[in-house]
Amino acid sequence: WTSLSWEGTEAPPPSATMSWKELTAAEREVASELCHFRDNWDGLDMTPNSNGDFLYPKVKRRYVEWDEQPTDSRRIAADSLSYDRETWNFLGTAPIEGKRWLELTEHQKSDAMSLGFYQRTWDCFHNHYRSYAWVELDRDS
């Protein structure tokens, strides 16, 4: 990625359309730093990564299918976060996932925290830092 491709003014690199197994080891490492793992990179859902090293603990509840969630969790997810069965089960499809933590309302933050998220885990595993500008990304942190 370059700053222009990250910001959407240039085409993304070829790796953006590759499967996880097609990525080089270096590309997988960088993807992991942005909280991607094989299943969420390839668009497979609901399978947590138990072998990866991530900066923050993964919110395991997020990788449990909608129908397997407790009723109260489904109610919270549907409330201000506007999830439904489809957007919950297909990672990255809910509009709320395009927002960084600081863009959420206080109500949305409260609901997200009730589901086990906090700022770093939201930005990492939900948003994958997509709402950050290139200059905001720090490769060393």
# chains A, B, ... in the order shown; residues from 1 in each chain; ligands from 1
$ residues_around --residues "Tyr129 in chain A" --least-positions-apart "4" --cutoff "8 Å" --atoms "only C-alpha atoms" --output "PyMOL selection string"
chain A and resi 34+100+123-124
$ write_last_selection --atoms "all heavy atoms" --output "PDB file, in the first residue's frame"
ATOM      1  N   LEU A  34      -2.683  -5.226  11.055  1.00  0.00           N
ATOM      2  CA  LEU A  34      -3.947  -4.520  10.859  1.00  0.00           C
ATOM      3  C   LEU A  34      -5.121  -5.395  11.286  1.00  0.00           C
ATOM      4  O   LEU A  34      -6.264  -5.157  10.905  1.00  0.00           O
ATOM      5  CB  LEU A  34      -4.100  -4.091   9.397  1.00  0.00           C
ATOM      6  CG  LEU A  34      -3.088  -3.058   8.921  1.00  0.00           C
ATOM      7  CD1 LEU A  34      -3.208  -2.836   7.418  1.00  0.00           C
ATOM      8  CD2 LEU A  34      -3.237  -1.758   9.678  1.00  0.00           C
ATOM      9  N   ARG A 100     -14.276   4.460  12.915  1.00  0.00           N
ATOM     10  CA  ARG A 100     -13.325   4.256  14.009  1.00  0.00           C
ATOM     11  C   ARG A 100     -14.040   4.553  15.318  1.00  0.00           C
ATOM     12  O   ARG A 100     -15.109   5.161  15.343  1.00  0.00           O
ATOM     13  CB  ARG A 100     -12.096   5.133  13.832  1.00  0.00           C
ATOM     14  CG  ARG A 100     -12.400   6.602  14.000  1.00  0.00           C
ATOM     15  CD  ARG A 100     -11.190   7.481  14.060  1.00  0.00           C
ATOM     16  NE  ARG A 100     -10.582   7.639  12.771  1.00  0.00           N
ATOM     17  CZ  ARG A 100      -9.402   8.204  12.588  1.00  0.00           C
ATOM     18  NH1 ARG A 100      -8.715   8.652  13.597  1.00  0.00           N
ATOM     19  NH2 ARG A 100      -8.910   8.326  11.400  1.00  0.00           N
ATOM     20  N   ASP A 123     -11.023  -0.595  16.776  1.00  0.00           N
ATOM     21  CA  ASP A 123     -10.267  -0.092  15.630  1.00  0.00           C
ATOM     22  C   ASP A 123      -9.452  -1.194  14.962  1.00  0.00           C
ATOM     23  O   ASP A 123      -9.281  -1.193  13.750  1.00  0.00           O
ATOM     24  CB  ASP A 123      -9.355   1.064  16.050  1.00  0.00           C
ATOM     25  CG  ASP A 123     -10.136   2.342  16.324  1.00  0.00           C
ATOM     26  OD1 ASP A 123     -11.315   2.443  15.928  1.00  0.00           O
ATOM     27  OD2 ASP A 123      -9.553   3.245  16.946  1.00  0.00           O
ATOM     28  N   CYS A 124      -8.978  -2.136  15.754  1.00  0.00           N
ATOM     29  CA  CYS A 124      -8.157  -3.220  15.207  1.00  0.00           C
ATOM     30  C   CYS A 124      -9.009  -4.281  14.508  1.00  0.00           C
ATOM     31  O   CYS A 124      -8.850  -4.517  13.319  1.00  0.00           O
ATOM     32  CB  CYS A 124      -7.344  -3.836  16.339  1.00  0.00           C
ATOM     33  SG  CYS A 124      -6.192  -5.132  15.836  1.00  0.00           S
TER      34      CYS A 124
END
$ closest_residue --among "A:Leu115, A:Leu104, A:Ala94, A:Ala11" --to "Arg62 in chain A" --atoms "only C-alpha atoms"
A:Leu115
$ residues_around --residues "Ser19 in chain A" --least-positions-apart "3" --cutoff "8 Å" --atoms "only C-alpha atoms" --output "list in words"
Glu22, Leu23, Trp41 and Asp42 of chain A
$ closest_residue --among "A:Tyr118, A:Trp134, A:Phe125, A:Trp66" --to "Cys35 in chain A" --atoms "only C-alpha atoms"
A:Phe125
$ atom_distance --atom1 "CA of Pro13 in chain A" --atom2 "CA of Thr87 in chain A"
26.4 Å
$ select_by_dssp --residues "range 25-137 of chain A" --states "alpha helix (DSSP H)" --output "VMD selection string"
chain A and resid 25 to 33 38 to 41 71 to 78 85 to 89 106 to 114 119 to 121
$ write_last_selection --atoms "C-alpha atoms" --output "short mmCIF file (atom, residue, chain, number, x, y, z; two decimals), in the first residue's frame"
data_model
loop_
_atom_site.label_atom_id
_atom_site.label_comp_id
_atom_site.auth_asym_id
_atom_site.auth_seq_id
_atom_site.Cartn_x
_atom_site.Cartn_y
_atom_site.Cartn_z
CA ALA A 25 5.03 -13.99 4.56
CA ALA A 26 5.82 -10.26 4.78
CA GLU A 27 2.36 -9.31 3.46
CA ARG A 28 0.70 -11.65 5.98
CA GLU A 29 2.70 -10.09 8.78
CA VAL A 30 1.58 -6.59 7.83
CA ALA A 31 -2.01 -7.78 7.42
CA SER A 32 -1.82 -9.26 10.92
CA GLU A 33 -0.68 -5.89 12.25
CA ARG A 38 -6.74 -15.94 7.21
CA ASP A 39 -10.47 -16.26 7.73
CA ASN A 40 -11.36 -12.60 7.84
CA TRP A 41 -8.94 -11.80 4.98
CA THR A 71 -30.71 -12.78 23.09
CA ASP A 72 -29.40 -9.81 25.06
CA SER A 73 -26.24 -9.63 22.92
CA ARG A 74 -28.30 -9.67 19.73
CA ARG A 75 -30.50 -6.88 21.11
CA ILE A 76 -27.47 -4.76 21.99
CA ALA A 77 -25.82 -5.39 18.60
CA ALA A 78 -29.04 -4.51 16.79
CA ARG A 85 -28.11 -11.60 11.16
CA GLU A 86 -26.54 -10.89 7.76
CA THR A 87 -24.28 -8.00 8.75
CA TRP A 88 -23.17 -9.81 11.90
CA ASN A 89 -22.42 -13.11 10.16
CA GLU A 106 -21.59 7.58 23.22
CA HIS A 107 -24.55 5.22 22.89
CA GLN A 108 -22.72 3.17 20.22
CA LYS A 109 -19.59 3.05 22.37
CA SER A 110 -21.65 1.85 25.33
CA ASP A 111 -23.24 -0.90 23.23
CA ALA A 112 -19.86 -1.88 21.78
CA MET A 113 -18.38 -2.08 25.28
CA SER A 114 -21.30 -4.27 26.36
CA GLN A 119 -11.20 1.56 21.45
CA ARG A 120 -8.18 -0.52 20.48
CA THR A 121 -10.06 -3.75 19.81
#
$ residues_around --residues "Trp6 in chain A" --least-positions-apart "5" --cutoff "12 Å" --atoms "only C-alpha atoms" --output "list in words"
Trp1, Ala11, Pro12, Pro13, Ala16, Tyr129, Arg130, Ser131, Tyr132, Ala133, Trp134, Val135, Glu136 and Leu137 of chain A
$ write_last_selection --atoms "N, CA and C atoms" --output "PDB file, in the first residue's frame"
ATOM      1  N   TRP A   1       0.828  -1.175   0.000  1.00  0.00           N
ATOM      2  CA  TRP A   1       0.000   0.000   0.000  1.00  0.00           C
ATOM      3  C   TRP A   1       0.871   1.237   0.000  1.00  0.00           C
ATOM      4  N   ALA A  11      -5.382   2.926  -7.261  1.00  0.00           N
ATOM      5  CA  ALA A  11      -5.844   1.539  -7.100  1.00  0.00           C
ATOM      6  C   ALA A  11      -5.076   0.852  -5.980  1.00  0.00           C
ATOM      7  N   PRO A  12      -5.729  -0.049  -5.263  1.00  0.00           N
ATOM      8  CA  PRO A  12      -5.016  -0.792  -4.223  1.00  0.00           C
ATOM      9  C   PRO A  12      -3.982  -1.723  -4.856  1.00  0.00           C
ATOM     10  N   PRO A  13      -3.032  -2.190  -4.080  1.00  0.00           N
ATOM     11  CA  PRO A  13      -2.027  -3.091  -4.627  1.00  0.00           C
ATOM     12  C   PRO A  13      -2.639  -4.447  -4.968  1.00  0.00           C
ATOM     13  N   ALA A  16      -4.377  -6.807  -2.382  1.00  0.00           N
ATOM     14  CA  ALA A  16      -5.717  -6.551  -1.848  1.00  0.00           C
ATOM     15  C   ALA A  16      -6.750  -7.549  -2.370  1.00  0.00           C
ATOM     16  N   TYR A 129      -8.460  -0.419  10.971  1.00  0.00           N
ATOM     17  CA  TYR A 129      -7.826   0.886  10.741  1.00  0.00           C
ATOM     18  C   TYR A 129      -8.179   1.484   9.383  1.00  0.00           C
ATOM     19  N   ARG A 130      -9.244   0.985   8.735  1.00  0.00           N
ATOM     20  CA  ARG A 130      -9.629   1.502   7.416  1.00  0.00           C
ATOM     21  C   ARG A 130     -10.027   2.966   7.448  1.00  0.00           C
ATOM     22  N   SER A 131     -10.539   3.440   8.568  1.00  0.00           N
ATOM     23  CA  SER A 131     -10.974   4.841   8.620  1.00  0.00           C
ATOM     24  C   SER A 131      -9.835   5.785   8.984  1.00  0.00           C
ATOM     25  N   TYR A 132      -8.654   5.251   9.180  1.00  0.00           N
ATOM     26  CA  TYR A 132      -7.490   6.084   9.488  1.00  0.00           C
ATOM     27  C   TYR A 132      -6.845   6.578   8.205  1.00  0.00           C
ATOM     28  N   ALA A 133      -6.333   7.767   8.241  1.00  0.00           N
ATOM     29  CA  ALA A 133      -5.544   8.287   7.117  1.00  0.00           C
ATOM     30  C   ALA A 133      -4.163   7.635   7.154  1.00  0.00           C
ATOM     31  N   TRP A 134      -3.544   7.565   6.025  1.00  0.00           N
ATOM     32  CA  TRP A 134      -2.228   6.943   5.901  1.00  0.00           C
ATOM     33  C   TRP A 134      -1.243   7.499   6.931  1.00  0.00           C
ATOM     34  N   VAL A 135      -1.239   8.803   7.083  1.00  0.00           N
ATOM     35  CA  VAL A 135      -0.267   9.435   7.993  1.00  0.00           C
ATOM     36  C   VAL A 135      -0.558   9.101   9.462  1.00  0.00           C
ATOM     37  N   GLU A 136      -1.753   8.612   9.751  1.00  0.00           N
ATOM     38  CA  GLU A 136      -2.086   8.238  11.125  1.00  0.00           C
ATOM     39  C   GLU A 136      -1.597   6.840  11.485  1.00  0.00           C
ATOM     40  N   LEU A 137      -1.243   6.065  10.494  1.00  0.00           N
ATOM     41  CA  LEU A 137      -0.770   4.703  10.744  1.00  0.00           C
ATOM     42  C   LEU A 137       0.707   4.745  11.132  1.00  0.00           C
TER      43      LEU A 137
END
$ closest_residue --among "A:Ser80, A:Thr9, A:Ser15, A:Thr2" --to "Ile96 in chain A" --atoms "only C-alpha atoms"
A:Ser80
